[in-house]
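Asker: Mind having a look at this structure? Questions to follow.
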Number of protein chains: 2
Amino acid sequence: MRSGYLSVIIPSSLTSESKDQRIKTYKVGQIARAASIFRVDRIIIYRDPQYDDSKFIDLVLRYAETPQYLRKHLFPLMDELKYAGVIPPLRTPHHPLRSSPEVGEYREGVVVGSDEGAWVDIGTEGPVPLRADRTVRKGERVTVRIFSRRPLQVELWDRRQIPQYWGYQTEVAGALGETLKAQSLVIATSRKGNIVDERLLAQLQKAMKESVSVAFGSPTRGIEDILHEEGCTLSDLADYLINTIPDQGTATVRTEEAVFATLSILNLVR
Amino acid sequence: MRSGYLSVIIPSSLTSESKDQRIKTYKVGQIARAASIFRVDRIIIYRDPQYDDSKFIDLVLRYAETPQYLRKHLFPLMDELKYAGVIPPLRTPHHPLRSSPEVGEYREGVVVGSDEGAWVDIGTEGPVPLRADRTVRKGERVTVRIFSRRPLQVELWDRRQIPQYWGYQTEVAGALGETLKAQSLVIATSRKGNIVDERLLAQLQKAMKESVSVAFGSPTRGIEDILHEEGCTLSDLADYLINTIPDQGTATVRTEEAVFATLSILNLVR
């Protein structure tokens, strides 16, 4: 059985340390990479009142997650994506390199026309007819399955039924406290958390079978401090408080660094 | 007792995927950050015949590791460091923020003059007299310990005797095979390696008490392929072959991503 649904919760201040738009873009791209490498299902951006770059972060995350051939449909030319070229390709199964799909394969597509039924662009030479059991609208992003190769025909598919990793969704949320409240099981990361040892790892292994949300502090403040300012208490909101970088050699660990370090460890017990 | 000496072995092609000099610089800066967070003692750059950027990688790594106040002495203005501003600060104990040290503290310094004995710049207002039991030369980087505050006086110190993490050294090596041969204990990382589980983790814990070198493949090829081309066999050269990213969601994992993921896991048993 596939393990539980995995969300990561990151601050809207992820990009606050750099003034360079190119580096900001690259940094968000790294979150996209980390999420894809470790099969994260959802990235939630909470509002850090000190620096709210959630719109940009969300935009770049969605852009990175979109297969290259669909970007022209879904993202108009805009200044915020000026440096999108520095985003590393995700190389996930839903970003296929070759353009000629086999029967049974899945593709991401965009509905491009609806003359005599719906048509989708799935990265092949022309639009492909879509068999759908519901109404689709032009410009909608859809997941499809190839059921005929000659002629190429596809049917609408539920992405949750796909056995491979199929990208992440994004969500712009409000304050950290209310964001954590909305999760079913929360693993919060902090320098002051419990050091991950064999025993804790075994507990986390059980937790990872459920829907789990892993929360990270901001580049300047830990989760405790952010929640304190909101009048919340961490122990009421988190099921686990873990330190995944015992004995760190640096005074601070950046959000994207903590994301890589933490997901790497949790991946061992997922 | 402090754990064993830790080296990481990275390819000269680390920067090969990006044409953007700023991103190349940032990427090397991330290796510097990973090394500092996880208390790496040495970074060895081996020669990947496909792309040899070892001079640049070594330069940026050394620059990042040098306390800010010493950089002007040790790094002349050069084009390769044009984007050094994007390198994240290491925030290690040997990069102190305040400039007024206490007796017993350690500092990095550069020998600046030798009129009537040696003087060092340790980031305080002016040069400080140095007590040394050996000859030092102007421009030499030295580690010192403060033994008098008023007047400020320092003595030469052996960095290996400092109980905190005190930065990494760098080394530009030759081919991967000969580099691995020169190590006492090698942990090689590969997608084809043994998945890190509880049992393997316990073995690695024992290994980490010794001097350990952790080797990484290039952005385009795994360690096995690089060694094969050199006419070497991995099993002759590595004590452990581990996969630290089981069930990866992406077709490839970049060197800097593998470094973060692997050091994070090894840090749990160090």
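Residue numbers start at 1 in each chain; chains themselves are named A, B, ... in the order of the structure tokens; ligands are numbered from 1 in the order shown.
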For range 106-121 of chain A, work out the shell of residues within 6 Å, counting only C-alpha atoms and skipping chain neighbours fewer than 2 positions away, then give it as a list in words.

Answerer: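 My reading of the contact set: Gly123, Pro127, Val128, Pro129, Leu130, Lys138, Gly139, Glu140, Arg141, Val142, Thr143, Val144 and Arg145 of chain A.
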
Asker: Please list as a list in words every residue within 6 Å of Asp41 in chain B, counting only C-alpha atoms and excluding residues in the same chain fewer than 3 positions away.

Answerer: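 Here the qualifying residues turn out to be Leu6, Ser7 and Tyr168 of chain B.
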
Asker: Go through A:Asp48, A:Glu125, A:Glu224, A:Glu65 one by one, measure the shortest atom-to-atom distance of each to chain B using only C-alpha atoms, and give the residue with the smallest value.

Answerer: A:Glu65

Asker: Would you kindly return, as a list of chain:residue names, each protein, DNA or RNA residue with an atom no farther than 10 Å from any atom of range 182-186 of chain A, considering only C-alpha atoms and excluding same-chain residues fewer than 6 positions away?

Answerer: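 Here the answer would be A:Ser7, A:Val8, A:Ile9, A:Ala207, A:Met208, A:Glu210, A:Ser211, A:Val212, A:Ser213, A:Val214, A:Ala215, A:Leu237, A:Ala238, A:Asp239, A:Tyr240, A:Leu241.
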
Asker: Export, as a compact mmCIF listing (two decimals), in the first residue's frame, the selected residues with all heavy atoms.

Answerer:
```txt
# COMPACT_ATOMS: atom_id res chain seq x y z
N SER A 7 2.09 16.43 3.33
CA SER A 7 2.12 17.87 3.07
C SER A 7 3.34 18.48 3.75
O SER A 7 3.76 18.02 4.80
CB SER A 7 0.87 18.55 3.64
OG SER A 7 -0.30 17.96 3.15
N VAL A 8 3.88 19.53 3.13
CA VAL A 8 4.86 20.33 3.86
C VAL A 8 4.32 21.75 4.00
O VAL A 8 3.62 22.24 3.11
CB VAL A 8 6.27 20.35 3.21
CG1 VAL A 8 6.85 18.97 3.12
CG2 VAL A 8 6.25 21.02 1.86
N ILE A 9 4.63 22.35 5.12
CA ILE A 9 4.10 23.68 5.44
C ILE A 9 5.28 24.63 5.59
O ILE A 9 6.11 24.47 6.47
CB ILE A 9 3.28 23.61 6.76
CG1 ILE A 9 2.16 22.58 6.61
CG2 ILE A 9 2.74 24.97 7.13
CD1 ILE A 9 1.33 22.40 7.87
N ALA A 207 3.40 7.18 12.21
CA ALA A 207 2.70 8.42 11.85
C ALA A 207 2.61 8.59 10.33
O ALA A 207 1.59 9.03 9.79
CB ALA A 207 3.40 9.62 12.48
N MET A 208 3.70 8.22 9.63
CA MET A 208 3.77 8.46 8.19
C MET A 208 2.78 7.62 7.39
O MET A 208 2.62 7.81 6.19
CB MET A 208 5.19 8.22 7.67
CG MET A 208 6.25 9.15 8.21
SD MET A 208 6.05 10.88 7.74
CE MET A 208 6.58 10.83 6.03
N GLU A 210 -0.33 7.69 8.03
CA GLU A 210 -1.50 8.57 7.96
C GLU A 210 -1.20 9.77 7.07
O GLU A 210 -0.12 9.89 6.53
CB GLU A 210 -1.84 9.07 9.39
CG GLU A 210 -1.84 8.03 10.45
CD GLU A 210 -2.95 7.00 10.26
OE1 GLU A 210 -4.05 7.42 9.84
OE2 GLU A 210 -2.72 5.80 10.50
N SER A 211 -2.17 10.68 7.00
CA SER A 211 -1.93 11.98 6.35
C SER A 211 -1.12 12.82 7.31
O SER A 211 -1.55 13.11 8.42
CB SER A 211 -3.26 12.69 6.10
OG SER A 211 -3.81 12.22 4.91
N VAL A 212 0.07 13.21 6.88
CA VAL A 212 0.98 13.92 7.77
C VAL A 212 1.34 15.27 7.16
O VAL A 212 1.54 15.37 5.95
CB VAL A 212 2.25 13.09 7.99
CG1 VAL A 212 3.34 13.93 8.67
CG2 VAL A 212 1.95 11.87 8.83
N SER A 213 1.42 16.31 7.99
CA SER A 213 1.88 17.62 7.55
C SER A 213 3.13 18.00 8.34
O SER A 213 3.13 17.97 9.57
CB SER A 213 0.79 18.66 7.78
OG SER A 213 -0.40 18.24 7.12
N VAL A 214 4.19 18.32 7.61
CA VAL A 214 5.47 18.64 8.25
C VAL A 214 5.70 20.14 8.16
O VAL A 214 5.73 20.70 7.06
CB VAL A 214 6.62 17.89 7.55
CG1 VAL A 214 7.91 18.08 8.33
CG2 VAL A 214 6.29 16.41 7.39
N ALA A 215 5.82 20.79 9.31
CA ALA A 215 5.87 22.26 9.34
C ALA A 215 7.28 22.77 9.63
O ALA A 215 8.00 22.21 10.45
CB ALA A 215 4.90 22.77 10.40
N LEU A 237 -0.76 22.23 19.08
CA LEU A 237 -0.97 22.19 17.63
C LEU A 237 -0.14 21.14 16.90
O LEU A 237 -0.40 20.84 15.74
CB LEU A 237 -0.67 23.57 17.02
CG LEU A 237 -1.61 24.69 17.48
CD1 LEU A 237 -1.07 26.04 17.06
CD2 LEU A 237 -2.99 24.48 16.88
N ALA A 238 0.89 20.62 17.57
CA ALA A 238 1.76 19.65 16.89
C ALA A 238 1.74 18.32 17.61
O ALA A 238 1.70 18.26 18.84
CB ALA A 238 3.18 20.19 16.82
N ASP A 239 1.70 17.24 16.85
CA ASP A 239 1.75 15.91 17.45
C ASP A 239 3.18 15.50 17.77
O ASP A 239 3.45 14.78 18.71
CB ASP A 239 1.11 14.91 16.48
CG ASP A 239 -0.34 15.28 16.20
OD1 ASP A 239 -1.18 14.91 17.02
OD2 ASP A 239 -0.60 15.97 15.20
N TYR A 240 4.11 15.97 16.92
CA TYR A 240 5.53 15.69 17.16
C TYR A 240 6.31 16.98 16.99
O TYR A 240 6.02 17.76 16.08
CB TYR A 240 6.06 14.66 16.16
CG TYR A 240 5.41 13.32 16.27
CD1 TYR A 240 4.27 13.02 15.53
CD2 TYR A 240 5.93 12.34 17.13
CE1 TYR A 240 3.65 11.78 15.64
CE2 TYR A 240 5.32 11.11 17.24
CZ TYR A 240 4.19 10.83 16.50
OH TYR A 240 3.58 9.61 16.61
N LEU A 241 7.30 17.18 17.84
CA LEU A 241 8.22 18.31 17.66
C LEU A 241 9.61 17.69 17.55
O LEU A 241 10.12 17.11 18.50
CB LEU A 241 8.16 19.27 18.83
CG LEU A 241 9.11 20.48 18.71
CD1 LEU A 241 8.75 21.34 17.51
CD2 LEU A 241 9.09 21.32 19.99
```

Asker: Return as CSV the residues of chain B lying at most 6 Å from chain A, together with the closest atom-to-atom pair for each and the distance in Å to one decimal, counting only C-alpha atoms, with rows in chain order and ascending residue number.

Answerer:
```
residue,atom,partner,partner_atom,distance
B:Ser36,CA,A:Gly249,CA,5.4
B:Ile37,CA,A:Gly249,CA,4.5
B:Phe38,CA,A:Gly249,CA,6.0
B:Arg39,CA,A:Gly249,CA,5.3
B:Arg91,CA,A:Thr250,CA,5.1
B:Thr92,CA,A:Thr250,CA,4.4
B:Tyr165,CA,A:Gly249,CA,5.9
B:Gln248,CA,A:Ile37,CA,5.1
B:Gly249,CA,A:Ile37,CA,4.5
B:Thr250,CA,A:Thr92,CA,4.4
B:Ala251,CA,A:Arg91,CA,5.3
B:Ala261,CA,A:Ser264,CA,5.1
B:Ser264,CA,A:Ala261,CA,5.1
B:Ile265,CA,A:Ile265,CA,5.9
```

Asker: Using the selection just defined, write its residues with C-alpha atoms as an mmCIF file, in the first residue's frame.

Answerer:
```
data_model
loop_
_atom_site.group_PDB
_atom_site.id
_atom_site.type_symbol
_atom_site.label_atom_id
_atom_site.label_comp_id
_atom_site.auth_asym_id
_atom_site.auth_seq_id
_atom_site.Cartn_x
_atom_site.Cartn_y
_atom_site.Cartn_z
ATOM 1 C CA SER B 36 29.012 23.556 7.727
ATOM 2 C CA ILE B 37 25.582 22.478 8.959
ATOM 3 C CA PHE B 38 26.746 18.846 9.132
ATOM 4 C CA ARG B 39 30.272 19.601 10.415
ATOM 5 C CA ARG B 91 27.191 31.396 10.505
ATOM 6 C CA THR B 92 29.666 28.912 11.977
ATOM 7 C CA TYR B 165 33.129 22.957 14.512
ATOM 8 C CA GLN B 248 12.908 8.832 -5.320
ATOM 9 C CA GLY B 249 10.135 10.717 -7.117
ATOM 10 C CA THR B 250 12.456 12.218 -9.753
ATOM 11 C CA ALA B 251 14.503 10.546 -12.482
ATOM 12 C CA ALA B 261 19.976 14.198 1.933
ATOM 13 C CA SER B 264 21.326 14.615 7.062
ATOM 14 C CA ILE B 265 20.943 10.874 7.537
#
```

Asker: Run DSSP on the backbone and give me the residues of range 55-251 of chain A it puts in helix (DSSP H, G or I), as a VMD selection string.

Answerer: chain A and resid 55 to 65 68 to 74 79 to 81 84 to 86 159 to 161 176 to 181 198 to 207 223 to 229 234 to 237
